[in-house]
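Taking it in order: structure first as structure tokens, then the write-up.
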Amino acid sequence: MTFPDKETRAACWAARDEYWACLEQHAPMHSSTSGQPEPKQCVALRKLYEKGCPGQWVKHFDRKRTFEQFKAKMAKGYEPLNEQQQQK
């Protein structure tokens with residue numbers, strides 16, 4: 001695999017940003033690394049993202065988004081368990 005040139009990288013990043021914007025609008029807590037299906041509104045953008053970026057980049061960006069979501073959740077703090085959850 002050759003390294004993508006400047007135009008290809010810019011197109012990749014634009015496709016990623018459009019896909020992430022769609023997720024933020026339709027399913028803000030969606031995690032691409034969980035195996036969950038994308039919202040219907042974002043499926044076409046996901047395909048463009050996967051087509052426009054090298055596979056390793058898609059994997060990296062998906063993990064990065066999931067980690068950023070995790071960091072944001074941790075920054076807010078944890079939610080204490082309620083009585084029902086503690087009994088399970």
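Labels for the structure tokens follow display order: chains A, B, ..., residues from 1 in each chain, ligands from 1.
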
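Residues in contact range of Thr33 (chain A), defined as at most 8 Å between only C-alpha atoms, with sequence neighbours fewer than 2 positions away removed, read Ser31, Gly35, Gln36, Asp62, Arg63 and Thr66 of chain A.
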
I need the residues of chain A that end up classed as alpha helix (DSSP H) by DSSP on the backbone, written out as an NGL selection string.
:A and (6-26 or 43-52 or 55-76 or 83-87)

I'd like to know which of A:Lys6, A:Ala15, A:Val58, A:Phe67 is closest to Cys42 (chain A), using only C-alpha atoms.
A:Ala15

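For the atom pair formed by CA of Glu68 (chain A) and CA of Ala44 (chain A), the distance is 23.4 Å, given to one decimal.
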
Restricting the calculation to only C-alpha atoms, which member of A:Gly77, A:Glu18, A:Phe61, A:Pro54 is positioned closest to Ser32 (chain A)?
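Ranking A:Gly77, A:Glu18, A:Phe61, A:Pro54 by distance to Ser32 (chain A), first place goes to A:Phe61.
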
Nearest candidate to Glu24 (chain A) (options A:Lys64, A:Lys51, A:Pro39, A:Ala75; using only C-alpha atoms):
A:Pro39

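In terms of minimum interatomic distance to Asp17 (chain A), A:Leu45 ranks closest within A:Lys40, A:Gln56, A:Gln69, A:Leu45, counting only C-alpha atoms.
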
Which neighbours of region 19-23 of chain A fall inside 9 Å, counting only C-alpha atoms, when residues of the same chain fewer than 5 positions from it are skipped, and could you give them as a ChimeraX atom specification?
/A:14,28-30,38-39,41-46,48-49,65
